[in-house]
Amino acid sequence: AFCELDYAEQNRAVMVSRNEPRSEAEEDTAAGEDDDQLLAEKVSKVYQDQCEKMGMTPSELARNVLLQTVVGKAQSLEVNEMYLGNRGAIAFLVALGQGGAKELQEIDLSNNGVGNEAIEVLASVLPRLPKCSKVDLSRNAISEPGAKVLIKMIQSHPCLYLVDASMNPIPSYTRVRLKEVLSSKAKRLGKA
């Protein structure tokens, strides 16, 4: 057995295995790992740059969640109650948009201090998240301009049919319009 070899023999065995040609599956795995590493570096750099641009310190927790979501090809992103703030959410969303999280189906940004500007960034990122169907934006700081962006976002995205914008300072007439658009979209997608 390998573990019974002495140190010199183990080193020779390792050197021989490094020089053996890789199978096609091993090559694909190695290439995938290299791609994941490059993607992680890219997303991390974009997040870092965005935070610096906004004069804020990057959150390691937010960076880790971002990398796990993008590299891990997660279907759900939960950053609720991390209190990213509006600027932090913008940096986070810009980096998420660079990561190609095409499998992402749900985003929970509830209770994060997200404002109208971050909603505009979310609207620009969502076309790169084609499977996203649910977004929780409850308990944030989204007002009428952000809600209008949400309405357009719901109408234009192919899968998005459930957006929770409760507990935001959105005027009642805009809230009613948002509910109408969501109801119509859910019916059109057969989710009502």
# chains A, B, ... in the order shown; residues from 1 in each chain; ligands from 1

$ select_by_dssp --residues "stretch 30-151 of chain A" --states "helix (DSSP H, G or I)" --output "ChimeraX atom specification"
/A:30-53,60-71,85-98,116-128,144-151

$ residues_around --residues "stretch 33-38 of chain A" --least-positions-apart "5" --cutoff "12 Å" --atoms "only C-alpha atoms" --output "PyMOL selection string"
chain A and resi 26-28+43-45+67-73+98-101

$ write_last_selection --atoms "C-alpha atoms" --output "compact mmCIF listing (two decimals), in the first residue's frame"
# COMPACT_ATOMS: atom_id res chain seq x y z
CA GLU A 26 -9.05 14.73 -15.37
CA GLU A 27 -8.20 17.43 -17.93
CA ASP A 28 -11.82 18.67 -17.90
CA VAL A 43 -15.48 38.57 -8.92
CA SER A 44 -13.38 39.29 -5.84
CA LYS A 45 -11.46 42.02 -7.70
CA LEU A 67 -17.77 33.68 -4.15
CA GLN A 68 -19.71 30.67 -2.85
CA THR A 69 -22.71 31.74 -4.93
CA VAL A 70 -20.80 32.36 -8.15
CA VAL A 71 -18.19 29.59 -8.04
CA GLY A 72 -20.52 27.10 -6.36
CA LYS A 73 -23.20 27.76 -8.97
CA GLN A 98 -19.73 39.85 -13.40
CA GLY A 99 -19.85 36.30 -12.08
CA GLY A 100 -22.30 34.70 -14.44
CA ALA A 101 -24.42 33.07 -11.72

$ closest_atom_pairs --of "stretch 35-112 of chain A" --to "stretch 122-125 of chain A" --cutoff "10 Å" --atoms "only C-alpha atoms" --output "JSON lines"
{"residue": "A:Ala89", "atom": "CA", "partner": "A:Leu122", "partner_atom": "CA", "distance": 9.0}
{"residue": "A:Ile90", "atom": "CA", "partner": "A:Leu122", "partner_atom": "CA", "distance": 7.9}
{"residue": "A:Phe92", "atom": "CA", "partner": "A:Leu122", "partner_atom": "CA", "distance": 9.8}
{"residue": "A:Leu93", "atom": "CA", "partner": "A:Leu122", "partner_atom": "CA", "distance": 6.3}
{"residue": "A:Val94", "atom": "CA", "partner": "A:Val125", "partner_atom": "CA", "distance": 7.2}
{"residue": "A:Ala95", "atom": "CA", "partner": "A:Val125", "partner_atom": "CA", "distance": 9.4}
{"residue": "A:Leu96", "atom": "CA", "partner": "A:Val125", "partner_atom": "CA", "distance": 7.6}
{"residue": "A:Gly97", "atom": "CA", "partner": "A:Val125", "partner_atom": "CA", "distance": 5.0}
{"residue": "A:Gln98", "atom": "CA", "partner": "A:Val125", "partner_atom": "CA", "distance": 8.5}
{"residue": "A:Gly100", "atom": "CA", "partner": "A:Val125", "partner_atom": "CA", "distance": 9.6}

$ write_last_selection --atoms "N, CA, C and O atoms" --output "PDB file, in the first residue's frame"
ATOM      1  N   ALA A  89     -24.623  47.090  -1.114  1.00  0.00           N
ATOM      2  CA  ALA A  89     -25.449  46.286  -2.014  1.00  0.00           C
ATOM      3  C   ALA A  89     -25.085  46.559  -3.470  1.00  0.00           C
ATOM      4  O   ALA A  89     -25.051  45.635  -4.296  1.00  0.00           O
ATOM      5  N   ILE A  90     -24.786  47.811  -3.782  1.00  0.00           N
ATOM      6  CA  ILE A  90     -24.374  48.142  -5.152  1.00  0.00           C
ATOM      7  C   ILE A  90     -23.088  47.396  -5.503  1.00  0.00           C
ATOM      8  O   ILE A  90     -23.004  46.740  -6.548  1.00  0.00           O
ATOM      9  N   PHE A  92     -21.856  44.711  -4.148  1.00  0.00           N
ATOM     10  CA  PHE A  92     -22.163  43.284  -4.163  1.00  0.00           C
ATOM     11  C   PHE A  92     -22.847  42.886  -5.468  1.00  0.00           C
ATOM     12  O   PHE A  92     -22.473  41.900  -6.114  1.00  0.00           O
ATOM     13  N   LEU A  93     -23.829  43.649  -5.880  1.00  0.00           N
ATOM     14  CA  LEU A  93     -24.594  43.325  -7.083  1.00  0.00           C
ATOM     15  C   LEU A  93     -23.767  43.493  -8.357  1.00  0.00           C
ATOM     16  O   LEU A  93     -23.894  42.696  -9.290  1.00  0.00           O
ATOM     17  N   VAL A  94     -22.925  44.519  -8.406  1.00  0.00           N
ATOM     18  CA  VAL A  94     -22.045  44.696  -9.570  1.00  0.00           C
ATOM     19  C   VAL A  94     -21.148  43.471  -9.714  1.00  0.00           C
ATOM     20  O   VAL A  94     -20.991  42.912 -10.806  1.00  0.00           O
ATOM     21  N   ALA A  95     -20.561  43.015  -8.610  1.00  0.00           N
ATOM     22  CA  ALA A  95     -19.694  41.830  -8.642  1.00  0.00           C
ATOM     23  C   ALA A  95     -20.484  40.583  -9.006  1.00  0.00           C
ATOM     24  O   ALA A  95     -20.014  39.748  -9.793  1.00  0.00           O
ATOM     25  N   LEU A  96     -21.692  40.459  -8.483  1.00  0.00           N
ATOM     26  CA  LEU A  96     -22.542  39.308  -8.820  1.00  0.00           C
ATOM     27  C   LEU A  96     -22.818  39.279 -10.320  1.00  0.00           C
ATOM     28  O   LEU A  96     -22.782  38.219 -10.950  1.00  0.00           O
ATOM     29  N   GLY A  97     -23.049  40.432 -10.902  1.00  0.00           N
ATOM     30  CA  GLY A  97     -23.315  40.528 -12.337  1.00  0.00           C
ATOM     31  C   GLY A  97     -22.135  40.121 -13.193  1.00  0.00           C
ATOM     32  O   GLY A  97     -22.296  39.670 -14.319  1.00  0.00           O
ATOM     33  N   GLN A  98     -20.935  40.245 -12.665  1.00  0.00           N
ATOM     34  CA  GLN A  98     -19.729  39.846 -13.401  1.00  0.00           C
ATOM     35  C   GLN A  98     -19.482  38.350 -13.309  1.00  0.00           C
ATOM     36  O   GLN A  98     -18.695  37.808 -14.070  1.00  0.00           O
ATOM     37  N   GLY A 100     -21.583  35.675 -13.622  1.00  0.00           N
ATOM     38  CA  GLY A 100     -22.301  34.704 -14.438  1.00  0.00           C
ATOM     39  C   GLY A 100     -23.000  33.635 -13.628  1.00  0.00           C
ATOM     40  O   GLY A 100     -22.911  32.456 -13.943  1.00  0.00           O
TER      41      GLY A 100
END

$ closest_residue --among "A:Ser133, A:Ser59, A:Asn86, A:Gln105" --to "A:Leu160" --atoms "only C-alpha atoms"
A:Ser133

$ residues_around --residues "A:Cys159" --least-positions-apart "2" --cutoff "10 Å" --atoms "only C-alpha atoms" --output "PDB file with C-alpha atoms, in the first residue's frame"
ATOM      1  CA  GLN A 105     -33.145  31.249  -8.961  1.00  0.00           C
ATOM      2  CA  LEU A 129     -29.485  35.796 -14.191  1.00  0.00           C
ATOM      3  CA  PRO A 130     -31.961  34.183 -16.592  1.00  0.00           C
ATOM      4  CA  LYS A 131     -33.403  31.646 -14.117  1.00  0.00           C
ATOM      5  CA  CYS A 132     -34.058  34.098 -11.294  1.00  0.00           C
ATOM      6  CA  SER A 133     -37.738  33.925 -10.398  1.00  0.00           C
ATOM      7  CA  LYS A 134     -37.878  35.265  -6.819  1.00  0.00           C
ATOM      8  CA  ILE A 154     -40.570  42.321 -13.523  1.00  0.00           C
ATOM      9  CA  GLN A 155     -42.115  43.065 -16.895  1.00  0.00           C
ATOM     10  CA  SER A 156     -38.880  42.553 -18.827  1.00  0.00           C
ATOM     11  CA  HIS A 157     -37.358  39.522 -17.080  1.00  0.00           C
ATOM     12  CA  TYR A 161     -42.695  36.603 -10.985  1.00  0.00           C
ATOM     13  CA  LEU A 162     -42.288  36.988  -7.221  1.00  0.00           C
ATOM     14  CA  LYS A 185     -46.741  37.903 -14.558  1.00  0.00           C
ATOM     15  CA  ALA A 186     -47.489  34.950 -12.259  1.00  0.00           C
ATOM     16  CA  LEU A 189     -46.057  31.981 -16.234  1.00  0.00           C
TER      17      LEU A 189
END

$ residues_around --residues "stretch 138-140 of chain A" --least-positions-apart "3" --cutoff "10 Å" --atoms "only C-alpha atoms" --output "mmCIF file with N, CA and C atoms, in the first residue's frame"
data_model
loop_
_atom_site.group_PDB
_atom_site.id
_atom_site.type_symbol
_atom_site.label_atom_id
_atom_site.label_comp_id
_atom_site.auth_asym_id
_atom_site.auth_seq_id
_atom_site.Cartn_x
_atom_site.Cartn_y
_atom_site.Cartn_z
ATOM 1 N N ASN A 80 -29.687 38.117 3.514
ATOM 2 C CA ASN A 80 -30.626 38.848 4.345
ATOM 3 C C ASN A 80 -29.993 39.190 5.696
ATOM 4 N N GLU A 81 -30.328 40.372 6.165
ATOM 5 C CA GLU A 81 -29.915 40.888 7.458
ATOM 6 C C GLU A 81 -28.403 40.997 7.638
ATOM 7 N N TYR A 83 -26.979 43.645 6.553
ATOM 8 C CA TYR A 83 -26.944 45.092 6.473
ATOM 9 C C TYR A 83 -25.778 45.586 5.630
ATOM 10 N N GLY A 85 -26.154 47.809 3.386
ATOM 11 C CA GLY A 85 -26.365 49.212 3.098
ATOM 12 C C GLY A 85 -26.520 49.403 1.598
ATOM 13 N N ASN A 86 -26.921 50.553 1.172
ATOM 14 C CA ASN A 86 -27.144 50.804 -0.249
ATOM 15 C C ASN A 86 -25.855 50.689 -1.047
ATOM 16 N N ASP A 108 -32.268 36.792 -1.824
ATOM 17 C CA ASP A 108 -32.847 37.377 -0.612
ATOM 18 C C ASP A 108 -31.940 38.501 -0.139
ATOM 19 N N LEU A 109 -32.370 39.722 -0.381
ATOM 20 C CA LEU A 109 -31.651 40.923 0.054
ATOM 21 C C LEU A 109 -32.446 41.660 1.125
ATOM 22 N N SER A 110 -33.306 40.951 1.837
ATOM 23 C CA SER A 110 -34.170 41.601 2.820
ATOM 24 C C SER A 110 -33.373 42.173 3.990
ATOM 25 N N ASN A 111 -33.887 43.251 4.532
ATOM 26 C CA ASN A 111 -33.336 43.901 5.724
ATOM 27 C C ASN A 111 -31.851 44.222 5.578
ATOM 28 N N ASN A 112 -31.528 44.936 4.495
ATOM 29 C CA ASN A 112 -30.131 45.262 4.200
ATOM 30 C C ASN A 112 -29.882 46.745 3.977
ATOM 31 N N GLY A 113 -30.880 47.575 4.109
ATOM 32 C CA GLY A 113 -30.679 48.993 3.840
ATOM 33 C C GLY A 113 -30.555 49.296 2.363
ATOM 34 N N VAL A 114 -31.134 48.436 1.530
ATOM 35 C CA VAL A 114 -31.076 48.601 0.077
ATOM 36 C C VAL A 114 -31.977 49.766 -0.325
ATOM 37 N N GLY A 115 -31.433 50.667 -1.149
ATOM 38 C CA GLY A 115 -32.194 51.821 -1.613
ATOM 39 C C GLY A 115 -32.401 51.795 -3.115
ATOM 40 N N ASN A 116 -32.915 52.875 -3.634
ATOM 41 C CA ASN A 116 -33.274 52.975 -5.053
ATOM 42 C C ASN A 116 -32.089 52.765 -5.998
ATOM 43 N N VAL A 135 -37.253 37.369 -5.798
ATOM 44 C CA VAL A 135 -36.356 38.326 -5.155
ATOM 45 C C VAL A 135 -37.059 38.887 -3.921
ATOM 46 N N SER A 143 -38.106 53.350 -2.243
ATOM 47 C CA SER A 143 -39.253 54.252 -2.340
ATOM 48 C C SER A 143 -39.839 54.195 -3.762
ATOM 49 N N VAL A 163 -41.700 39.150 -6.297
ATOM 50 C CA VAL A 163 -40.830 40.147 -5.676
ATOM 51 C C VAL A 163 -41.525 40.631 -4.411
ATOM 52 N N ASP A 164 -40.875 40.427 -3.285
ATOM 53 C CA ASP A 164 -41.417 40.891 -2.009
ATOM 54 C C ASP A 164 -40.788 42.243 -1.705
ATOM 55 N N ALA A 165 -41.587 43.291 -1.795
ATOM 56 C CA ALA A 165 -41.121 44.646 -1.498
ATOM 57 C C ALA A 165 -41.866 45.209 -0.292
ATOM 58 N N SER A 166 -42.383 44.333 0.544
ATOM 59 C CA SER A 166 -43.128 44.779 1.723
ATOM 60 C C SER A 166 -42.209 45.491 2.708
ATOM 61 N N MET A 167 -42.794 46.320 3.548
ATOM 62 C CA MET A 167 -42.076 47.046 4.587
ATOM 63 C C MET A 167 -41.020 48.002 4.004
ATOM 64 N N ASN A 168 -41.328 48.582 2.857
ATOM 65 C CA ASN A 168 -40.519 49.624 2.235
ATOM 66 C C ASN A 168 -41.392 50.873 2.134
ATOM 67 N N PRO A 169 -40.809 52.067 2.107
ATOM 68 C CA PRO A 169 -41.606 53.293 2.020
ATOM 69 C C PRO A 169 -42.117 53.576 0.595
#

$ atom_distance --atom1 "atom CA of A:Leu84" --atom2 "atom CA of A:Lys42"
20.6 Å

$ atom_distance --atom1 "atom CA of A:Thr174" --atom2 "atom CA of A:Ile142"
11.6 Å

$ select_by_dssp --residues "stretch 8-148 of chain A" --states "strand (DSSP E or B)" --output "ChimeraX atom specification"
/A:76-78,106-108,134-136

$ residues_around --residues "A:Glu60" --least-positions-apart "2" --cutoff "12 Å" --atoms "only C-alpha atoms" --output "NGL selection string"
:A and (44 or 47-48 or 51 or 57-58 or 62-67 or 82 or 84 or 88 or 92)

$ atom_distance --atom1 "atom CA of A:Leu104" --atom2 "atom CA of A:Glu78"
10.9 Å
